[in-house]
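So this one's model16.pdb, PDB, N, CA and C atoms, pLDDT in the B column:
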ATOM      1  N   MET I 211       0.840  -1.169   0.000  1.00 85.00           N
ATOM      2  CA  MET I 211       0.000   0.000   0.000  1.00 85.00           C
ATOM      3  C   MET I 211       0.895   1.245   0.000  1.00 85.00           C
ATOM      4  N   SER I 212       0.531   2.194  -0.813  1.00 92.00           N
ATOM      5  CA  SER I 212       1.352   3.399  -0.937  1.00 92.00           C
ATOM      6  C   SER I 212       1.124   4.327   0.258  1.00 92.00           C
ATOM      7  N   PRO I 213       2.074   5.225   0.494  1.00 93.00           N
ATOM      8  CA  PRO I 213       1.907   6.186   1.592  1.00 93.00           C
ATOM      9  C   PRO I 213       0.645   7.049   1.426  1.00 93.00           C
ATOM     10  N   LYS I 214       0.322   7.388   0.185  1.00 94.00           N
ATOM     11  CA  LYS I 214      -0.874   8.197  -0.060  1.00 94.00           C
ATOM     12  C   LYS I 214      -2.146   7.414   0.290  1.00 94.00           C
ATOM     13  N   GLU I 215      -2.171   6.141  -0.041  1.00 92.00           N
ATOM     14  CA  GLU I 215      -3.323   5.303   0.299  1.00 92.00           C
ATOM     15  C   GLU I 215      -3.471   5.185   1.817  1.00 92.00           C
ATOM     16  N   LEU I 216      -2.359   5.064   2.515  1.00 91.00           N
ATOM     17  CA  LEU I 216      -2.404   5.004   3.972  1.00 91.00           C
ATOM     18  C   LEU I 216      -2.960   6.294   4.567  1.00 91.00           C
ATOM     19  N   LEU I 217      -2.595   7.419   3.972  1.00 94.00           N
ATOM     20  CA  LEU I 217      -3.132   8.697   4.441  1.00 94.00           C
ATOM     21  C   LEU I 217      -4.643   8.770   4.243  1.00 94.00           C
ATOM     22  N   TYR I 218      -5.120   8.250   3.120  1.00 94.00           N
ATOM     23  CA  TYR I 218      -6.568   8.218   2.881  1.00 94.00           C
ATOM     24  C   TYR I 218      -7.270   7.372   3.936  1.00 94.00           C
ATOM     25  N   ILE I 219      -6.685   6.242   4.260  1.00 93.00           N
ATOM     26  CA  ILE I 219      -7.285   5.363   5.267  1.00 93.00           C
ATOM     27  C   ILE I 219      -7.248   6.025   6.643  1.00 93.00           C
ATOM     28  N   GLU I 220      -6.142   6.688   6.966  1.00 94.00           N
ATOM     29  CA  GLU I 220      -6.061   7.408   8.241  1.00 94.00           C
ATOM     30  C   GLU I 220      -7.138   8.488   8.330  1.00 94.00           C
ATOM     31  N   ASP I 221      -7.346   9.211   7.234  1.00 96.00           N
ATOM     32  CA  ASP I 221      -8.392  10.233   7.204  1.00 96.00           C
ATOM     33  C   ASP I 221      -9.769   9.606   7.405  1.00 96.00           C
ATOM     34  N   ALA I 222     -10.011   8.504   6.721  1.00 96.00           N
ATOM     35  CA  ALA I 222     -11.299   7.824   6.847  1.00 96.00           C
ATOM     36  C   ALA I 222     -11.520   7.343   8.279  1.00 96.00           C
ATOM     37  N   LEU I 223     -10.468   6.818   8.902  1.00 97.00           N
ATOM     38  CA  LEU I 223     -10.568   6.379  10.300  1.00 97.00           C
ATOM     39  C   LEU I 223     -10.914   7.552  11.212  1.00 97.00           C
ATOM     40  N   ALA I 224     -10.260   8.671  11.006  1.00 97.00           N
ATOM     41  CA  ALA I 224     -10.527   9.851  11.827  1.00 97.00           C
ATOM     42  C   ALA I 224     -11.962  10.340  11.639  1.00 97.00           C
ATOM     43  N   HIS I 225     -12.445  10.312  10.399  1.00 97.00           N
ATOM     44  CA  HIS I 225     -13.821  10.742  10.139  1.00 97.00           C
ATOM     45  C   HIS I 225     -14.827   9.810  10.828  1.00 97.00           C
ATOM     46  N   GLU I 226     -14.584   8.528  10.738  1.00 97.00           N
ATOM     47  CA  GLU I 226     -15.502   7.571  11.370  1.00 97.00           C
ATOM     48  C   GLU I 226     -15.485   7.705  12.898  1.00 97.00           C
ATOM     49  N   GLN I 227     -14.316   7.948  13.469  1.00 97.00           N
ATOM     50  CA  GLN I 227     -14.240   8.169  14.920  1.00 97.00           C
ATOM     51  C   GLN I 227     -15.031   9.406  15.310  1.00 97.00           C
ATOM     52  N   PHE I 228     -14.881  10.463  14.529  1.00 98.00           N
ATOM     53  CA  PHE I 228     -15.602  11.700  14.814  1.00 98.00           C
ATOM     54  C   PHE I 228     -17.109  11.485  14.723  1.00 98.00           C
ATOM     55  N   LEU I 229     -17.553  10.832  13.651  1.00 98.00           N
ATOM     56  CA  LEU I 229     -18.989  10.595  13.477  1.00 98.00           C
ATOM     57  C   LEU I 229     -19.549   9.713  14.591  1.00 98.00           C
ATOM     58  N   ARG I 230     -18.780   8.714  14.997  1.00 97.00           N
ATOM     59  CA  ARG I 230     -19.225   7.857  16.088  1.00 97.00           C
ATOM     60  C   ARG I 230     -19.354   8.652  17.383  1.00 97.00           C
ATOM     61  N   SER I 231     -18.386   9.514  17.654  1.00 97.00           N
ATOM     62  CA  SER I 231     -18.443  10.307  18.885  1.00 97.00           C
ATOM     63  C   SER I 231     -19.606  11.298  18.849  1.00 97.00           C
ATOM     64  N   GLN I 232     -19.901  11.853  17.672  1.00 98.00           N
ATOM     65  CA  GLN I 232     -21.048  12.747  17.546  1.00 98.00           C
ATOM     66  C   GLN I 232     -22.351  11.998  17.811  1.00 98.00           C
ATOM     67  N   CYS I 233     -22.445  10.792  17.288  1.00 97.00           N
ATOM     68  CA  CYS I 233     -23.634   9.975  17.538  1.00 97.00           C
ATOM     69  C   CYS I 233     -23.760   9.640  19.020  1.00 97.00           C
ATOM     70  N   GLN I 234     -22.638   9.346  19.665  1.00 97.00           N
ATOM     71  CA  GLN I 234     -22.652   9.035  21.099  1.00 97.00           C
ATOM     72  C   GLN I 234     -23.154  10.230  21.901  1.00 97.00           C
ATOM     73  N   GLN I 235     -22.668  11.400  21.575  1.00 98.00           N
ATOM     74  CA  GLN I 235     -23.113  12.600  22.267  1.00 98.00           C
ATOM     75  C   GLN I 235     -24.606  12.839  22.062  1.00 98.00           C
ATOM     76  N   ALA I 236     -25.057  12.642  20.837  1.00 97.00           N
ATOM     77  CA  ALA I 236     -26.479  12.831  20.545  1.00 97.00           C
ATOM     78  C   ALA I 236     -27.321  11.806  21.287  1.00 97.00           C
ATOM     79  N   ALA I 237     -26.892  10.552  21.287  1.00 97.00           N
ATOM     80  CA  ALA I 237     -27.643   9.497  21.967  1.00 97.00           C
ATOM     81  C   ALA I 237     -27.715   9.773  23.468  1.00 97.00           C
ATOM     82  N   ASP I 238     -26.635  10.268  24.039  1.00 97.00           N
ATOM     83  CA  ASP I 238     -26.626  10.581  25.466  1.00 97.00           C
ATOM     84  C   ASP I 238     -27.595  11.706  25.808  1.00 97.00           C
ATOM     85  N   ALA I 239     -27.810  12.619  24.866  1.00 97.00           N
ATOM     86  CA  ALA I 239     -28.669  13.774  25.111  1.00 97.00           C
ATOM     87  C   ALA I 239     -30.148  13.490  24.831  1.00 97.00           C
ATOM     88  N   LEU I 240     -30.424  12.455  24.059  1.00 97.00           N
ATOM     89  CA  LEU I 240     -31.811  12.174  23.667  1.00 97.00           C
ATOM     90  C   LEU I 240     -32.572  11.463  24.778  1.00 97.00           C
ATOM     91  N   THR I 241     -33.859  11.783  24.861  1.00 96.00           N
ATOM     92  CA  THR I 241     -34.723  11.115  25.839  1.00 96.00           C
ATOM     93  C   THR I 241     -35.738  10.199  25.169  1.00 96.00           C
ATOM     94  N   ASP I 242     -36.056  10.466  23.908  1.00 97.00           N
ATOM     95  CA  ASP I 242     -37.006   9.625  23.179  1.00 97.00           C
ATOM     96  C   ASP I 242     -36.342   8.289  22.872  1.00 97.00           C
ATOM     97  N   PRO I 243     -36.876   7.180  23.399  1.00 97.00           N
ATOM     98  CA  PRO I 243     -36.225   5.875  23.221  1.00 97.00           C
ATOM     99  C   PRO I 243     -36.088   5.442  21.761  1.00 97.00           C
ATOM    100  N   GLN I 244     -37.073   5.744  20.950  1.00 97.00           N
ATOM    101  CA  GLN I 244     -37.025   5.327  19.549  1.00 97.00           C
ATOM    102  C   GLN I 244     -35.940   6.102  18.795  1.00 97.00           C
ATOM    103  N   LEU I 245     -35.883   7.387  19.009  1.00 97.00           N
ATOM    104  CA  LEU I 245     -34.871   8.206  18.358  1.00 97.00           C
ATOM    105  C   LEU I 245     -33.475   7.859  18.876  1.00 97.00           C
ATOM    106  N   LYS I 246     -33.391   7.627  20.177  1.00 97.00           N
ATOM    107  CA  LYS I 246     -32.109   7.242  20.776  1.00 97.00           C
ATOM    108  C   LYS I 246     -31.611   5.929  20.160  1.00 97.00           C
ATOM    109  N   GLY I 247     -32.508   4.965  19.969  1.00 97.00           N
ATOM    110  CA  GLY I 247     -32.150   3.689  19.352  1.00 97.00           C
ATOM    111  C   GLY I 247     -31.660   3.865  17.924  1.00 97.00           C
ATOM    112  N   CYS I 248     -32.302   4.761  17.196  1.00 98.00           N
ATOM    113  CA  CYS I 248     -31.887   5.040  15.811  1.00 98.00           C
ATOM    114  C   CYS I 248     -30.470   5.607  15.780  1.00 98.00           C
ATOM    115  N   VAL I 249     -30.194   6.548  16.664  1.00 98.00           N
ATOM    116  CA  VAL I 249     -28.860   7.158  16.705  1.00 98.00           C
ATOM    117  C   VAL I 249     -27.822   6.133  17.170  1.00 98.00           C
ATOM    118  N   GLN I 250     -28.196   5.264  18.089  1.00 97.00           N
ATOM    119  CA  GLN I 250     -27.268   4.225  18.537  1.00 97.00           C
ATOM    120  C   GLN I 250     -26.965   3.248  17.405  1.00 97.00           C
ATOM    121  N   ASN I 251     -27.953   2.968  16.560  1.00 98.00           N
ATOM    122  CA  ASN I 251     -27.703   2.128  15.383  1.00 98.00           C
ATOM    123  C   ASN I 251     -26.712   2.798  14.437  1.00 98.00           C
ATOM    124  N   LEU I 252     -26.854   4.109  14.243  1.00 97.00           N
ATOM    125  CA  LEU I 252     -25.898   4.845  13.416  1.00 97.00           C
ATOM    126  C   LEU I 252     -24.501   4.789  14.031  1.00 97.00           C
ATOM    127  N   MET I 253     -24.428   4.924  15.346  1.00 97.00           N
ATOM    128  CA  MET I 253     -23.156   4.859  16.046  1.00 97.00           C
ATOM    129  C   MET I 253     -22.499   3.496  15.828  1.00 97.00           C
ATOM    130  N   ASN I 254     -23.280   2.440  15.953  1.00 97.00           N
ATOM    131  CA  ASN I 254     -22.749   1.093  15.729  1.00 97.00           C
ATOM    132  C   ASN I 254     -22.283   0.908  14.287  1.00 97.00           C
ATOM    133  N   ARG I 255     -23.015   1.484  13.358  1.00 98.00           N
ATOM    134  CA  ARG I 255     -22.637   1.379  11.941  1.00 98.00           C
ATOM    135  C   ARG I 255     -21.300   2.078  11.681  1.00 98.00           C
ATOM    136  N   HIS I 256     -21.116   3.248  12.283  1.00 97.00           N
ATOM    137  CA  HIS I 256     -19.849   3.948  12.117  1.00 97.00           C
ATOM    138  C   HIS I 256     -18.704   3.165  12.755  1.00 97.00           C
ATOM    139  N   GLN I 257     -18.976   2.465  13.842  1.00 97.00           N
ATOM    140  CA  GLN I 257     -17.944   1.632  14.459  1.00 97.00           C
ATOM    141  C   GLN I 257     -17.575   0.472  13.538  1.00 97.00           C
ATOM    142  N   GLN I 258     -18.572  -0.117  12.889  1.00 97.00           N
ATOM    143  CA  GLN I 258     -18.308  -1.208  11.950  1.00 97.00           C
ATOM    144  C   GLN I 258     -17.469  -0.727  10.771  1.00 97.00           C
ATOM    145  N   ILE I 259     -17.801   0.449  10.252  1.00 96.00           N
ATOM    146  CA  ILE I 259     -17.038   1.007   9.134  1.00 96.00           C
ATOM    147  C   ILE I 259     -15.609   1.284   9.577  1.00 96.00           C
ATOM    148  N   PHE I 260     -15.445   1.846  10.776  1.00 96.00           N
ATOM    149  CA  PHE I 260     -14.110   2.090  11.318  1.00 96.00           C
ATOM    150  C   PHE I 260     -13.321   0.790  11.365  1.00 96.00           C
ATOM    151  N   ASN I 261     -13.938  -0.263  11.885  1.00 96.00           N
ATOM    152  CA  ASN I 261     -13.264  -1.555  12.000  1.00 96.00           C
ATOM    153  C   ASN I 261     -12.833  -2.095  10.634  1.00 96.00           C
ATOM    154  N   LYS I 262     -13.674  -1.914   9.629  1.00 94.00           N
ATOM    155  CA  LYS I 262     -13.323  -2.375   8.280  1.00 94.00           C
ATOM    156  C   LYS I 262     -12.136  -1.608   7.715  1.00 94.00           C
ATOM    157  N   PHE I 263     -12.128  -0.301   7.909  1.00 91.00           N
ATOM    158  CA  PHE I 263     -10.987   0.503   7.458  1.00 91.00           C
ATOM    159  C   PHE I 263      -9.734   0.091   8.215  1.00 91.00           C
ATOM    160  N   PHE I 264      -9.861  -0.145   9.512  1.00 94.00           N
ATOM    161  CA  PHE I 264      -8.712  -0.497  10.338  1.00 94.00           C
ATOM    162  C   PHE I 264      -8.094  -1.810   9.886  1.00 94.00           C
ATOM    163  N   GLN I 265      -8.916  -2.728   9.414  1.00 92.00           N
ATOM    164  CA  GLN I 265      -8.415  -4.020   8.940  1.00 92.00           C
ATOM    165  C   GLN I 265      -7.563  -3.876   7.680  1.00 92.00           C
ATOM    166  N   LEU I 266      -7.704  -2.765   6.986  1.00 85.00           N
ATOM    167  CA  LEU I 266      -6.935  -2.556   5.755  1.00 85.00           C
ATOM    168  C   LEU I 266      -5.469  -2.238   6.031  1.00 85.00           C
ATOM    169  N   ILE I 267      -5.193  -1.767   7.235  1.00 84.00           N
ATOM    170  CA  ILE I 267      -3.793  -1.401   7.520  1.00 84.00           C
ATOM    171  C   ILE I 267      -3.079  -2.453   8.324  1.00 84.00           C
TER     172      ILE I 267
END

This entry written out as structure tokens:
Amino acid sequence: MSPKELLYIEDALAHEQFLRSQCQQAADALTDPQLKGCVQNLMNRHQQIFNKFFQLI
């Protein structure tokens, strides 16, 4: 893998971490159980994407 490709993966990892943390903050602030569950599903999805990117390196 080229250094440029590694930089792209590092950027993608950082973006997924940020999105996951934003979802976590939103889920912590929500009181509606249905909406909270939806945001938690998004958070889990971003974690899965992060894990897939991480496996590339």

Quick check, in Å to one decimal: how far apart do atom CA of I:Asn254 and atom CA of I:Gln232 lie?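 Interatomic distance, atom CA of I:Asn254 to atom CA of I:Gln232: 11.9 Å.
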
Two-atom distance - atom C of I:Arg255, atom C of I:Asp221 (Å):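 Going from atom C of I:Arg255 over to atom C of I:Asp221, I get 14.4 Å.
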
Tell me, in Å to one decimal, how far atom C of I:Gln258 is from atom CA of I:Ser212.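 Straight-line distance from atom C of I:Gln258 to atom CA of I:Ser212 works out to 22.5 Å.
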
Skipping near chain neighbours, those fewer than 3 positions away, what residues fall within 6 Å of stretch 246-253 of chain I using all atoms listed in the file, listed as a PDB file with N, CA and C atoms, keeping the file's coordinate frame?
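Done, and the output landed in part-v8.pdb:
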ATOM      1  N   ARG I 230     -18.780   8.714  14.997  1.00 97.00           N
ATOM      2  CA  ARG I 230     -19.225   7.857  16.088  1.00 97.00           C
ATOM      3  C   ARG I 230     -19.354   8.652  17.383  1.00 97.00           C
ATOM      4  N   CYS I 233     -22.445  10.792  17.288  1.00 97.00           N
ATOM      5  CA  CYS I 233     -23.634   9.975  17.538  1.00 97.00           C
ATOM      6  C   CYS I 233     -23.760   9.640  19.020  1.00 97.00           C
ATOM      7  N   GLN I 234     -22.638   9.346  19.665  1.00 97.00           N
ATOM      8  CA  GLN I 234     -22.652   9.035  21.099  1.00 97.00           C
ATOM      9  C   GLN I 234     -23.154  10.230  21.901  1.00 97.00           C
ATOM     10  N   ALA I 237     -26.892  10.552  21.287  1.00 97.00           N
ATOM     11  CA  ALA I 237     -27.643   9.497  21.967  1.00 97.00           C
ATOM     12  C   ALA I 237     -27.715   9.773  23.468  1.00 97.00           C
ATOM     13  N   LEU I 240     -30.424  12.455  24.059  1.00 97.00           N
ATOM     14  CA  LEU I 240     -31.811  12.174  23.667  1.00 97.00           C
ATOM     15  C   LEU I 240     -32.572  11.463  24.778  1.00 97.00           C
ATOM     16  N   ASP I 242     -36.056  10.466  23.908  1.00 97.00           N
ATOM     17  CA  ASP I 242     -37.006   9.625  23.179  1.00 97.00           C
ATOM     18  C   ASP I 242     -36.342   8.289  22.872  1.00 97.00           C
ATOM     19  N   PRO I 243     -36.876   7.180  23.399  1.00 97.00           N
ATOM     20  CA  PRO I 243     -36.225   5.875  23.221  1.00 97.00           C
ATOM     21  C   PRO I 243     -36.088   5.442  21.761  1.00 97.00           C
ATOM     22  N   HIS I 256     -21.116   3.248  12.283  1.00 97.00           N
ATOM     23  CA  HIS I 256     -19.849   3.948  12.117  1.00 97.00           C
ATOM     24  C   HIS I 256     -18.704   3.165  12.755  1.00 97.00           C
ATOM     25  N   GLN I 257     -18.976   2.465  13.842  1.00 97.00           N
ATOM     26  CA  GLN I 257     -17.944   1.632  14.459  1.00 97.00           C
ATOM     27  C   GLN I 257     -17.575   0.472  13.538  1.00 97.00           C
TER      28      GLN I 257
END

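If you measure from each of I:Thr241, I:Gln227, I:Gln235, I:Met211 to I:Ile259 using only C-alpha atoms, the closest one turns out to be I:Gln227.
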